[in-house]
>>> print(open('final-v6.csv').read())   # CSV, C-alpha atoms
chain,number,residue,atom,x,y,z
Y,8,MET,CA,49.9,-187.6,-50.4
Y,9,GLY,CA,50.5,-184.2,-48.7
Y,10,LYS,CA,49.4,-185.4,-45.3
Y,11,ASN,CA,51.7,-188.4,-45.6
Y,12,THR,CA,54.7,-186.3,-46.5
Y,13,GLN,CA,54.0,-183.9,-43.5
Y,14,LYS,CA,53.9,-186.9,-41.2
Y,15,ASP,CA,57.2,-188.3,-42.6
Y,16,GLY,CA,58.9,-184.9,-42.1
Y,17,THR,CA,57.9,-184.7,-38.5
Y,18,VAL,CA,59.1,-188.2,-37.9
Y,19,LYS,CA,62.4,-187.4,-39.5
Y,20,GLU,CA,62.8,-184.3,-37.3
Y,21,LYS,CA,62.2,-186.3,-34.2
Y,22,VAL,CA,64.7,-188.9,-35.2
Y,23,ASN,CA,67.3,-186.3,-36.0
Y,24,ALA,CA,66.8,-184.7,-32.5
Y,25,ILE,CA,67.3,-188.0,-30.8
Y,26,ASP,CA,70.4,-188.7,-32.9
Y,27,LEU,CA,71.9,-185.4,-31.9
Y,28,ALA,CA,71.3,-186.0,-28.2
Y,29,GLU,CA,73.2,-189.3,-28.5
Y,30,ILE,CA,76.2,-187.8,-30.3
Y,31,PRO,CA,78.9,-186.6,-27.8
Y,32,GLU,CA,79.7,-182.9,-27.6
Y,33,GLU,CA,83.3,-183.3,-28.8
Y,34,GLU,CA,82.2,-184.7,-32.1
Y,35,ILE,CA,79.6,-181.9,-32.6
Y,36,LYS,CA,82.2,-179.3,-31.9
Y,37,LYS,CA,84.6,-180.8,-34.5
Y,38,ALA,CA,81.8,-180.8,-37.1
Y,39,LEU,CA,80.9,-177.2,-36.4
Y,40,GLN,CA,84.6,-175.9,-36.5
Y,41,PHE,CA,85.3,-173.5,-39.3
Y,42,SER,CA,88.8,-174.0,-40.6
Y,43,GLU,CA,90.9,-172.4,-43.4
Y,44,GLY,CA,89.7,-173.5,-46.8
Y,45,ASP,CA,86.0,-173.9,-45.9
Y,46,MET,CA,85.3,-170.5,-47.6
Y,47,PRO,CA,85.5,-170.9,-51.4
Y,48,GLY,CA,86.5,-167.4,-52.2
Y,49,PRO,CA,87.7,-164.1,-50.6
Y,50,LEU,CA,85.4,-161.5,-49.0
Y,51,LEU,CA,83.8,-159.2,-51.6
Y,52,GLU,CA,84.0,-156.0,-49.4
Y,53,GLU,CA,86.3,-154.8,-46.7
Y,54,SER,CA,85.0,-154.4,-43.1
Y,55,SER,CA,86.8,-152.3,-40.5
Y,56,PHE,CA,86.3,-151.2,-36.9
Y,57,ALA,CA,88.1,-148.5,-34.9
Y,58,THR,CA,88.3,-147.8,-31.2
Y,59,LEU,CA,89.8,-144.9,-29.2
Y,60,PHE,CA,92.1,-145.6,-26.3
Y,61,PRO,CA,93.2,-143.4,-23.3
Y,62,LYS,CA,96.6,-141.8,-23.2
Y,63,TYR,CA,97.9,-143.9,-20.3
Y,64,ARG,CA,97.5,-147.1,-22.5
Y,65,GLU,CA,99.8,-145.7,-25.3
Y,66,SER,CA,103.1,-147.1,-24.0
Y,67,TYR,CA,101.7,-150.5,-23.2
Y,68,LEU,CA,100.0,-150.8,-26.7
Y,69,ARG,CA,103.2,-149.8,-28.4
Y,70,GLU,CA,105.0,-152.6,-26.6
Y,71,ILE,CA,102.5,-155.4,-27.4
Y,72,TRP,CA,101.5,-154.3,-31.0
Y,73,PRO,CA,104.0,-156.6,-32.8
Y,74,LEU,CA,102.4,-159.6,-30.9
Y,75,MET,CA,99.0,-158.2,-31.7
Y,76,SER,CA,99.7,-158.0,-35.5
Y,77,LYS,CA,101.2,-161.6,-35.5
Y,78,SER,CA,98.1,-163.1,-33.8
Y,79,LEU,CA,95.7,-161.4,-36.2
Y,80,GLU,CA,97.7,-162.2,-39.3
Y,81,LYS,CA,96.9,-165.9,-38.7
Y,82,HIS,CA,93.3,-165.1,-39.3
Y,83,GLY,CA,94.0,-162.7,-42.2
Y,84,ILE,CA,93.1,-159.5,-40.3
Y,85,ALA,CA,95.2,-156.3,-40.6
Y,86,CYS,CA,95.6,-153.9,-37.6
Y,87,GLN,CA,96.8,-150.4,-37.3
Y,88,LEU,CA,97.8,-148.3,-34.2
Y,89,ASP,CA,97.4,-144.5,-34.7
Y,90,LEU,CA,99.2,-142.7,-31.8
Y,91,VAL,CA,98.3,-139.2,-33.1
Y,92,GLU,CA,94.5,-139.8,-33.0
Y,93,GLY,CA,94.8,-142.3,-30.2
Y,94,SER,CA,92.9,-145.1,-32.0
Y,95,MET,CA,93.2,-148.8,-33.0
Y,96,THR,CA,91.8,-150.1,-36.3
Y,97,VAL,CA,91.2,-153.6,-37.5
Y,98,ARG,CA,90.1,-154.5,-41.0
Y,99,THR,CA,89.6,-157.6,-43.2
Y,100,THR,CA,91.9,-158.4,-46.1
Y,101,ARG,CA,91.9,-160.7,-49.2
Y,102,LYS,CA,93.5,-163.4,-46.9
Y,103,THR,CA,90.6,-163.4,-44.4
Y,104,TRP,CA,89.2,-166.9,-44.4
Y,105,ASP,CA,86.7,-166.5,-41.5
Y,106,PRO,CA,84.0,-163.9,-41.9
Y,107,TYR,CA,83.1,-163.8,-38.2
Y,108,VAL,CA,86.7,-163.1,-37.0
Y,109,ILE,CA,86.4,-159.4,-37.7
Y,110,LEU,CA,83.9,-159.1,-34.9
Y,111,LYS,CA,86.3,-161.0,-32.6
Y,112,ALA,CA,89.0,-158.5,-33.6
Y,113,ARG,CA,86.7,-155.6,-32.8
Y,114,ASP,CA,86.1,-157.1,-29.3
Y,115,LEU,CA,89.9,-157.5,-28.9
Y,116,ILE,CA,90.7,-153.8,-29.4
Y,117,LYS,CA,87.8,-152.9,-27.1
Y,118,LEU,CA,89.3,-155.0,-24.3
Y,119,LEU,CA,92.8,-153.6,-24.9
Y,120,ALA,CA,91.4,-150.1,-24.6
Y,121,ARG,CA,89.7,-151.0,-21.3
Y,122,SER,CA,93.1,-152.1,-19.7
Y,123,VAL,CA,92.7,-155.8,-20.2
Y,124,PRO,CA,96.2,-157.3,-20.5
Y,125,PHE,CA,97.1,-158.7,-24.0
Y,126,PRO,CA,97.6,-162.4,-23.0
Y,127,GLN,CA,94.1,-162.4,-21.6
Y,128,ALA,CA,92.5,-160.3,-24.3
Y,129,VAL,CA,93.8,-162.6,-27.2
Y,130,LYS,CA,91.7,-165.5,-25.8
Y,131,ILE,CA,88.6,-163.7,-27.3
Y,132,LEU,CA,89.7,-165.0,-30.7
Y,133,ASP,CA,88.6,-168.5,-29.6
Y,134,ASP,CA,85.0,-169.4,-30.6
Y,135,GLU,CA,84.0,-170.5,-27.1
Y,136,VAL,CA,85.0,-167.2,-25.5
Y,137,SER,CA,82.8,-164.1,-25.7
Y,138,CYS,CA,83.1,-160.7,-24.0
Y,139,GLU,CA,81.0,-157.9,-22.7
Y,140,VAL,CA,81.9,-154.3,-21.5
Y,141,ILE,CA,79.3,-153.2,-18.9
Y,142,LYS,CA,79.0,-149.5,-18.4
Y,143,ILE,CA,78.4,-148.6,-14.7
Y,144,GLY,CA,79.1,-144.8,-14.8
Y,145,ASN,CA,75.5,-143.7,-15.3
Y,146,ILE,CA,73.8,-146.0,-12.8
Y,147,VAL,CA,74.8,-144.0,-9.6
Y,148,SER,CA,74.8,-140.2,-9.8
Y,149,ASN,CA,76.6,-139.5,-6.5
Y,150,LYS,CA,80.4,-139.9,-7.0
Y,151,GLU,CA,81.2,-141.0,-3.4
Y,152,ARG,CA,78.4,-143.6,-3.5
Y,153,PHE,CA,79.6,-144.8,-6.9
Y,154,VAL,CA,83.2,-145.4,-5.6
Y,155,LYS,CA,81.9,-147.3,-2.5
Y,156,ARG,CA,79.7,-149.6,-4.5
Y,157,ARG,CA,82.4,-150.2,-7.1
Y,158,GLN,CA,84.7,-151.2,-4.2
Y,159,ARG,CA,82.1,-153.8,-3.1
Y,160,LEU,CA,82.7,-155.7,-6.4
Y,161,LEU,CA,86.4,-155.9,-5.6
Y,162,GLY,CA,85.9,-156.7,-1.9
Y,163,PRO,CA,88.8,-156.8,0.7
Y,164,ASN,CA,92.0,-157.7,-1.1
Y,165,GLY,CA,89.9,-158.5,-4.3
Y,166,ASN,CA,88.4,-161.6,-2.6
Y,167,THR,CA,84.8,-160.9,-3.8
Y,168,LEU,CA,86.0,-160.5,-7.4
Y,169,LYS,CA,88.0,-163.8,-7.2
Y,170,ALA,CA,84.9,-165.6,-5.9
Y,171,ILE,CA,82.8,-164.3,-8.8
Y,172,GLU,CA,85.4,-165.3,-11.3
Y,173,LEU,CA,85.7,-168.8,-9.9
Y,174,LEU,CA,81.9,-169.4,-9.9
Y,175,THR,CA,81.2,-167.9,-13.3
Y,176,GLU,CA,84.4,-169.1,-15.0
Y,177,CYS,CA,84.9,-165.6,-16.4
Y,178,TYR,CA,87.7,-163.0,-16.3
Y,179,ILE,CA,86.5,-159.7,-14.9
Y,180,MET,CA,88.4,-156.4,-15.1
Y,181,ILE,CA,87.1,-153.2,-13.3
Y,182,GLN,CA,88.5,-150.0,-14.8
Y,183,GLY,CA,87.1,-146.6,-14.3
Y,184,SER,CA,83.4,-146.5,-15.2
Y,185,THR,CA,83.3,-149.9,-17.0
Y,186,VAL,CA,83.5,-153.6,-16.1
Y,187,SER,CA,85.0,-155.9,-18.8
Y,188,ALA,CA,84.1,-159.6,-18.6
Y,189,MET,CA,85.3,-162.5,-20.7
Y,190,GLY,CA,84.0,-166.1,-20.6
Y,191,PRO,CA,81.2,-168.4,-21.8
Y,192,TYR,CA,78.1,-166.6,-23.0
Y,193,GLY,CA,75.8,-168.0,-20.3
Y,194,SER,CA,78.1,-166.9,-17.5
Y,195,LEU,CA,78.3,-163.4,-18.9
Y,196,LYS,CA,74.6,-162.9,-18.1
Y,197,ASP,CA,75.3,-163.8,-14.5
Y,198,VAL,CA,78.2,-161.3,-14.4
Y,199,ARG,CA,76.1,-158.5,-15.8
Y,200,ARG,CA,73.3,-159.2,-13.3
Y,201,ILE,CA,75.8,-159.2,-10.3
Y,202,VAL,CA,77.4,-155.9,-11.5
Y,203,GLU,CA,74.2,-154.1,-12.1
Y,204,ASP,CA,72.6,-155.2,-8.9
Y,205,CYS,CA,75.8,-154.2,-7.0
Y,206,MET,CA,75.6,-150.7,-8.4
Y,207,ASN,CA,71.8,-150.7,-7.4
Y,208,ASN,CA,72.8,-151.4,-3.8
Y,209,VAL,CA,72.5,-155.2,-3.7
Y,210,HIS,CA,75.6,-156.8,-2.2
Y,211,PRO,CA,77.4,-159.4,-4.4
Y,212,ILE,CA,77.5,-161.9,-1.5
Y,213,TYR,CA,73.8,-162.8,-2.1
Y,214,HIS,CA,74.5,-163.7,-5.8
Y,215,ILE,CA,77.7,-165.6,-4.7
Y,216,LYS,CA,75.6,-167.8,-2.3
Y,217,GLU,CA,73.0,-168.4,-5.0
Y,218,LEU,CA,75.7,-169.4,-7.6
Y,219,MET,CA,77.3,-171.8,-5.1
Y,220,ILE,CA,74.0,-173.6,-4.5
Y,221,ARG,CA,73.3,-173.8,-8.2
Y,222,LYS,CA,76.7,-175.3,-8.8
Y,223,GLU,CA,76.0,-178.0,-6.2
Y,224,LEU,CA,72.5,-178.7,-7.6
Y,225,ALA,CA,73.9,-179.1,-11.1
Y,226,LYS,CA,76.0,-182.1,-10.0
Y,227,ASP,CA,72.8,-184.1,-9.1
Y,228,PRO,CA,71.3,-185.6,-12.3
Y,229,LYS,CA,68.0,-186.3,-10.5
Y,230,LEU,CA,67.3,-182.5,-10.3
Y,231,ALA,CA,68.1,-181.8,-14.0
Y,232,ASN,CA,64.4,-181.6,-14.9
Y,233,GLU,CA,63.1,-180.1,-11.7
Y,234,SER,CA,62.7,-176.5,-10.4
Y,235,TRP,CA,65.4,-175.3,-8.1
Y,236,ASP,CA,63.4,-172.5,-6.5
Y,237,ARG,CA,62.9,-174.4,-3.2
Y,238,PHE,CA,66.6,-174.8,-2.7
Y,239,LEU,CA,67.6,-171.2,-3.5
Y,240,PRO,CA,67.7,-168.6,-0.7
Y,241,ARG,CA,65.2,-165.8,-0.5
Y,242,PHE,CA,66.6,-162.6,1.0
Y,243,LYS,CA,64.2,-160.0,2.4
Y,244,LYS,CA,65.0,-156.3,2.1
Y,245,ARG,CA,65.4,-154.6,5.5
Y,246,ASN,CA,64.7,-150.9,5.6
Y,247,ILE,CA,66.8,-149.7,8.5
Y,248,LYS,CA,65.7,-146.4,9.9
Y,249,GLN,CA,68.4,-143.9,9.9
Y,250,LYS,CA,68.6,-140.9,12.2
Y,251,LYS,CA,67.6,-137.8,10.3
Y,252,PRO,CA,70.0,-135.0,10.7
Y,253,LYS,CA,68.8,-132.1,12.8
Y,254,ILE,CA,68.0,-129.1,10.7
Y,255,GLY,CA,68.2,-125.7,12.5
Y,256,LYS,CA,65.4,-123.2,12.3
Y,257,LYS,CA,65.5,-121.2,9.1
Y,258,ARG,CA,65.9,-117.5,9.5
Y,259,LYS,CA,63.2,-115.4,8.0
Y,260,ARG,CA,64.5,-113.6,5.0
Y,261,GLU,CA,63.7,-109.9,5.0
Y,262,LEU,CA,62.8,-108.1,1.9
Y,263,PHE,CA,65.3,-105.2,2.6
Y,264,PRO,CA,68.8,-105.5,3.9
Y,265,PRO,CA,69.5,-104.3,7.5
Y,266,GLU,CA,70.5,-100.7,8.1
Y,267,PRO,CA,74.2,-100.0,8.1
Y,268,MET,CA,75.9,-99.1,11.3
Y,269,PRO,CA,76.4,-95.3,11.8
Y,270,SER,CA,80.0,-94.1,11.3
Y,271,LYS,CA,81.9,-91.8,13.6
Y,272,VAL,CA,81.1,-88.8,11.4
Y,273,ASP,CA,77.3,-89.7,11.4
Y,274,LEU,CA,77.3,-89.8,15.3
Y,275,GLN,CA,79.1,-86.4,15.4
Y,276,LEU,CA,76.5,-84.9,13.1
Y,277,GLN,CA,73.7,-86.2,15.2
Y,278,SER,CA,75.1,-84.8,18.4
Y,279,GLY,CA,76.2,-81.5,16.8
Y,280,GLU,CA,79.8,-82.0,17.7
Y,281,TYR,CA,80.9,-82.0,14.0
Y,282,PHE,CA,80.1,-78.3,13.7
Y,283,LEU,CA,82.1,-77.2,16.9
Y,284,LYS,CA,85.4,-75.3,16.6
Y,285,PRO,CA,88.6,-77.1,17.5
Y,286,ASP,CA,88.9,-75.0,20.8
Y,287,GLU,CA,85.4,-75.9,21.8
Y,288,LYS,CA,86.0,-79.5,21.0
Y,289,ARG,CA,89.2,-79.5,23.1
Y,290,ALA,CA,87.3,-77.9,26.0
Y,291,ARG,CA,84.5,-80.4,25.7
Y,292,ASP,CA,86.9,-83.3,25.8
Y,293,GLU,CA,88.7,-81.9,28.9
Y,294,GLU,CA,85.4,-81.5,30.7
Y,295,ARG,CA,84.4,-85.1,29.9
Y,296,LYS,CA,87.8,-86.3,31.2
Y,297,ARG,CA,87.2,-84.3,34.5
Y,298,GLN,CA,83.8,-85.8,34.9
Y,299,SER,CA,85.1,-89.4,34.4
Y,300,GLU,CA,87.9,-88.8,36.8
Y,301,ALA,CA,85.6,-87.4,39.5
Y,302,GLU,CA,83.3,-90.5,39.1
Y,303,HIS,CA,86.3,-92.7,39.4
Y,304,ARG,CA,87.5,-91.0,42.6
Y,305,VAL,CA,84.0,-91.4,44.2
Y,306,LYS,CA,84.0,-95.1,43.4
Y,307,LYS,CA,87.5,-95.6,44.9
Y,308,GLN,CA,86.7,-93.6,48.0
Y,309,ALA,CA,83.6,-95.7,48.6
Y,310,GLU,CA,85.6,-98.9,48.2
Y,311,ARG,CA,88.2,-97.6,50.8
Y,312,GLU,CA,85.5,-96.6,53.3
Y,313,GLN,CA,83.8,-100.0,53.0
Y,314,ALA,CA,86.9,-101.6,54.7
Y,315,PHE,CA,86.3,-99.5,57.9
Y,316,VAL,CA,82.6,-100.3,58.3
Y,317,ALA,CA,81.9,-102.6,61.2
Y,318,PRO,CA,80.4,-105.9,60.3
Y,319,LYS,CA,76.8,-106.6,61.5
Y,320,GLU,CA,76.5,-108.7,64.6
Y,321,LYS,CA,74.8,-111.9,64.4
Y,322,PRO,CA,71.7,-112.3,66.6
Y,323,ALA,CA,72.0,-114.6,69.6
Y,324,SER,CA,71.1,-118.1,68.8
Y,325,SER,CA,68.3,-120.0,70.5
Y,326,LYS,CA,70.8,-122.5,71.9
Y,327,THR,CA,72.5,-119.9,74.1
Y,328,LYS,CA,69.1,-118.7,75.4
Y,329,SER,CA,68.1,-122.2,76.4
Y,330,ALA,CA,71.5,-122.8,78.1
Y,331,GLY,CA,71.0,-119.6,80.3
Y,332,LYS,CA,67.5,-120.7,81.3
Y,333,ALA,CA,68.8,-124.2,82.3
Y,334,GLU,CA,71.5,-122.6,84.6
Y,335,LYS,CA,68.8,-120.5,86.4
Y,336,ASP,CA,66.6,-123.5,87.0
Y,337,ASP,CA,69.5,-125.4,88.5
Y,338,LYS,CA,70.3,-122.6,90.9
Y,339,ASP,CA,66.7,-122.3,92.1
Y,340,ARG,CA,66.6,-126.1,92.7
Y,341,MET,CA,69.8,-125.9,94.8
Y,342,GLU,CA,68.4,-123.1,96.9
Y,343,ALA,CA,65.2,-125.0,97.5
Y,344,LEU,CA,67.1,-128.0,98.7
Y,345,LYS,CA,69.2,-125.9,101.1
Y,346,ASN,CA,66.1,-124.3,102.7
Y,347,LYS,CA,64.6,-127.8,103.1
Y,348,PHE,CA,67.6,-129.2,105.0
Y,349,LYS,CA,67.8,-126.0,107.2
Y,350,ALA,CA,64.1,-126.5,108.2
Y,351,GLN,CA,64.6,-130.1,109.1
Y,352,ALA,CA,67.7,-129.3,111.2
Y,353,GLN,CA,65.7,-126.8,113.3
>>> encode(input="final-v6.csv", output="structure tokens")
Amino acid sequence: MGKNTQKDGTVKEKVNAIDLAEIPEEEIKKALQFSEGDMPGPLLEESSFATLFPKYRESYLREIWPLMSKSLEKHGIACQLDLVEGSMTVRTTRKTWDPYVILKARDLIKLLARSVPFPQAVKILDDEVSCEVIKIGNIVSNKERFVKRRQRLLGPNGNTLKAIELLTECYIMIQGSTVSAMGPYGSLKDVRRIVEDCMNNVHPIYHIKELMIRKELAKDPKLANESWDRFLPRFKKRNIKQKKPKIGKKRKRELFPPEPMPSKVDLQLQSGEYFLKPDEKRARDEERKRQSEAEHRVKKQAEREQAFVAPKEKPASSKTKSAGKAEKDDKDRMEALKNKFKAQAQ
């Protein structure tokens, strides 16, 4: 009998699974909706959550707090804004009819503290919307590098961030050292992966390309049960060699510091001038002046005499010598010709 009952149970489970697959999603959502009156009695204990907010958010929170309290009153949640401590608190009341809404209210005050505008942050109270606050401050230690990589997420005129929001169907807010994201639970995983990889020096454009291809493949029902790895791009890491900065030769550190330069008094002590009388010092200075003047006179006299020294004659060049020889040869030839003609005439 036990075996038969086990078989009947497995058959029933299979039938139920098939039935659920045939039921449209809208009807399933309606059946799973939790409305007021589904909970038979009030909550037994009070639950509360508090979050601190930065000082620059104080004026904005003071403006939107009446709207905040109205939206939470619908779900039976009480909220309190403490401007002295700089904190926001949400707690359940006797009127709370949804036990899970306190966690949604906690996420709401977290998003408001991270500079998400109120009209966007209120959407977290819907069951289909979830959120995540990703901390990016501890991933990169260098501040300049952190700022550059965070700027990559935004892109020029915020175009990269808009592309990620369109592909993931999420709202993304970058503020300080955190990234707040709101949207479907499955898409939040993609957002976290993109943000963390960007801070680890992987450009978001690679993930954007992959998401675009996945979106196109999802439209084809034939590929629903097949692997998409063959269609997805595979990017190789390129290690570009960077020029290493030239480091100058390090000076050898000596154990002892260099000797100090001797002062004027020390030099006078070494030469013995320090112990001379003022008259002797004066006489010594005058003698030095005379010597320097005499040396100066000799130099000037030498310079003046140099102007009267005759310049050295340059030796006769080989061209002038060769020209003189040629003239002599010509004269000898002429005389020889004259003697010839005289001899013939006789």
>>> atom_distance(input="final-v6.csv", atom1="atom CA of Lys77 of chain Y", atom2="atom CA of Glu65 of chain Y")
18.9 Å
>>> residues_around(input="final-v6.csv", residues="Pro240 of chain Y", least_positions_apart="6", cutoff="12 Å", atoms="only C-alpha atoms", output="NGL selection string")
:Y and (212-221)
>>> closest_residue(input="final-v6.csv", among="Y:Met180, Y:Leu230, Y:Val136, Y:Leu174", to="Ala120 of chain Y", atoms="all atoms listed in the file")
Y:Met180
>>> atom_distance(input="final-v6.csv", atom1="atom CA of Leu168 of chain Y", atom2="atom CA of Ser234 of chain Y")
28.4 Å
>>> residues_around(input="final-v6.csv", residues="Ala112 of chain Y", least_positions_apart="4", cutoff="10 Å", atoms="all atoms listed in the file", output="mmCIF file with C-alpha atoms, keeping the file's coordinate frame")
data_model
loop_
_atom_site.group_PDB
_atom_site.id
_atom_site.type_symbol
_atom_site.label_atom_id
_atom_site.label_comp_id
_atom_site.auth_asym_id
_atom_site.auth_seq_id
_atom_site.Cartn_x
_atom_site.Cartn_y
_atom_site.Cartn_z
ATOM 1 C CA SER Y 55 86.800 -152.300 -40.500
ATOM 2 C CA PHE Y 56 86.300 -151.200 -36.900
ATOM 3 C CA LEU Y 79 95.700 -161.400 -36.200
ATOM 4 C CA HIS Y 82 93.300 -165.100 -39.300
ATOM 5 C CA ILE Y 84 93.100 -159.500 -40.300
ATOM 6 C CA ALA Y 85 95.200 -156.300 -40.600
ATOM 7 C CA CYS Y 86 95.600 -153.900 -37.600
ATOM 8 C CA THR Y 96 91.800 -150.100 -36.300
ATOM 9 C CA VAL Y 97 91.200 -153.600 -37.500
ATOM 10 C CA ARG Y 98 90.100 -154.500 -41.000
ATOM 11 C CA THR Y 99 89.600 -157.600 -43.200
ATOM 12 C CA TYR Y 107 83.100 -163.800 -38.200
ATOM 13 C CA VAL Y 108 86.700 -163.100 -37.000
ATOM 14 C CA ILE Y 116 90.700 -153.800 -29.400
ATOM 15 C CA LYS Y 117 87.800 -152.900 -27.100
ATOM 16 C CA LEU Y 118 89.300 -155.000 -24.300
ATOM 17 C CA VAL Y 129 93.800 -162.600 -27.200
ATOM 18 C CA ILE Y 131 88.600 -163.700 -27.300
ATOM 19 C CA LEU Y 132 89.700 -165.000 -30.700
#
>>> closest_residue(input="final-v6.csv", among="Y:Arg156, Y:Asp134, Y:Arg121, Y:Asp236", to="Ile181 of chain Y", atoms="only C-alpha atoms")
Y:Arg121
>>> closest_residue(input="final-v6.csv", among="Y:Asn208, Y:Gln275, Y:Ile71, Y:Ile141", to="Pro126 of chain Y", atoms="all atoms listed in the file")
Y:Ile71
>>> atom_distance(input="final-v6.csv", atom1="atom CA of Ser76 of chain Y", atom2="atom CA of Arg113 of chain Y")
13.5 Å
>>> axis_aligned_box(input="final-v6.csv", around="segment 28-35 of chain Y", padding_each_side="4 Å", output="JSON")
{"center_x": 77.3, "center_y": -185.6, "center_z": -30.1, "size_x": 20.0, "size_y": 15.4, "size_z": 13.0}
>>> closest_residue(input="final-v6.csv", among="Y:Leu74, Y:Ala225, Y:Leu110, Y:Met206", to="Ser137 of chain Y", atoms="all atoms listed in the file")
Y:Leu110
>>> residues_around(input="final-v6.csv", residues="Trp72 of chain Y", least_positions_apart="6", cutoff="10 Å", atoms="only C-alpha atoms", output="PyMOL selection string")
chain Y and resi 78+86-88+125
>>> residues_around(input="final-v6.csv", residues="Phe60 of chain Y", least_positions_apart="2", cutoff="7 Å", atoms="all atoms listed in the file", output="compact mmCIF listing (two decimals) with C-alpha atoms, keeping the file's coordinate frame")
# COMPACT_ATOMS: atom_id res chain seq x y z
CA THR Y 58 88.30 -147.80 -31.20
CA LYS Y 62 96.60 -141.80 -23.20
CA ARG Y 64 97.50 -147.10 -22.50
CA GLY Y 93 94.80 -142.30 -30.20
CA SER Y 94 92.90 -145.10 -32.00
CA ALA Y 120 91.40 -150.10 -24.60
>>> residues_near_point(input="final-v6.csv", point="(71.5, -155.0, -10.5)", cutoff="12 Å", atoms="all atoms listed in the file", output="VMD selection string")
chain Y and resid 141 143 146 to 147 156 160 196 to 211 213 to 214
>>> closest_residue(input="final-v6.csv", among="Y:Ala290, Y:Ser184, Y:Arg101, Y:Gly190", to="Ile171 of chain Y", atoms="only C-alpha atoms")
Y:Gly190
>>> closest_residue(input="final-v6.csv", among="Y:Val305, Y:Met95, Y:Leu161, Y:Val123", to="Ala57 of chain Y", atoms="all atoms listed in the file")
Y:Met95
>>> build_atoms(input="final-v6.csv", residues="segment 269-280 of chain Y", atoms="N, CA, C and O atoms", output="compact mmCIF listing (two decimals), keeping the file's coordinate frame")
# COMPACT_ATOMS: atom_id res chain seq x y z
N PRO Y 269 75.97 -96.72 11.97
CA PRO Y 269 76.40 -95.30 11.80
C PRO Y 269 77.88 -95.14 11.99
O PRO Y 269 78.45 -95.70 12.94
N SER Y 270 78.51 -94.35 11.15
CA SER Y 270 80.00 -94.10 11.30
C SER Y 270 80.20 -93.02 12.35
O SER Y 270 79.26 -92.41 12.88
N LYS Y 271 81.49 -92.76 12.61
CA LYS Y 271 81.90 -91.80 13.60
C LYS Y 271 81.39 -90.37 13.22
O LYS Y 271 80.92 -89.56 14.05
N VAL Y 272 81.49 -90.09 11.94
CA VAL Y 272 81.10 -88.80 11.40
C VAL Y 272 79.56 -88.60 11.59
O VAL Y 272 79.07 -87.52 11.95
N ASP Y 273 78.81 -89.73 11.30
CA ASP Y 273 77.30 -89.70 11.40
C ASP Y 273 76.95 -89.37 12.90
O ASP Y 273 76.03 -88.57 13.16
N LEU Y 274 77.64 -90.02 13.85
CA LEU Y 274 77.30 -89.80 15.30
C LEU Y 274 77.67 -88.34 15.67
O LEU Y 274 76.93 -87.72 16.44
N GLN Y 275 78.76 -87.79 15.13
CA GLN Y 275 79.10 -86.40 15.40
C GLN Y 275 78.09 -85.42 14.84
O GLN Y 275 77.77 -84.40 15.45
N LEU Y 276 77.56 -85.76 13.67
CA LEU Y 276 76.50 -84.90 13.10
C LEU Y 276 75.25 -84.92 13.89
O LEU Y 276 74.58 -83.90 14.04
N GLN Y 277 74.89 -86.12 14.40
CA GLN Y 277 73.70 -86.20 15.20
C GLN Y 277 73.78 -85.41 16.50
O GLN Y 277 72.83 -84.75 16.91
N SER Y 278 74.96 -85.49 17.15
CA SER Y 278 75.10 -84.80 18.40
C SER Y 278 75.48 -83.28 18.23
O SER Y 278 75.45 -82.51 19.19
N GLY Y 279 75.81 -82.88 17.03
CA GLY Y 279 76.20 -81.50 16.80
C GLY Y 279 77.64 -81.18 17.00
O GLY Y 279 78.09 -80.04 16.84
N GLU Y 280 78.41 -82.21 17.38
CA GLU Y 280 79.80 -82.00 17.70
C GLU Y 280 80.64 -81.73 16.42
O GLU Y 280 81.71 -81.10 16.47
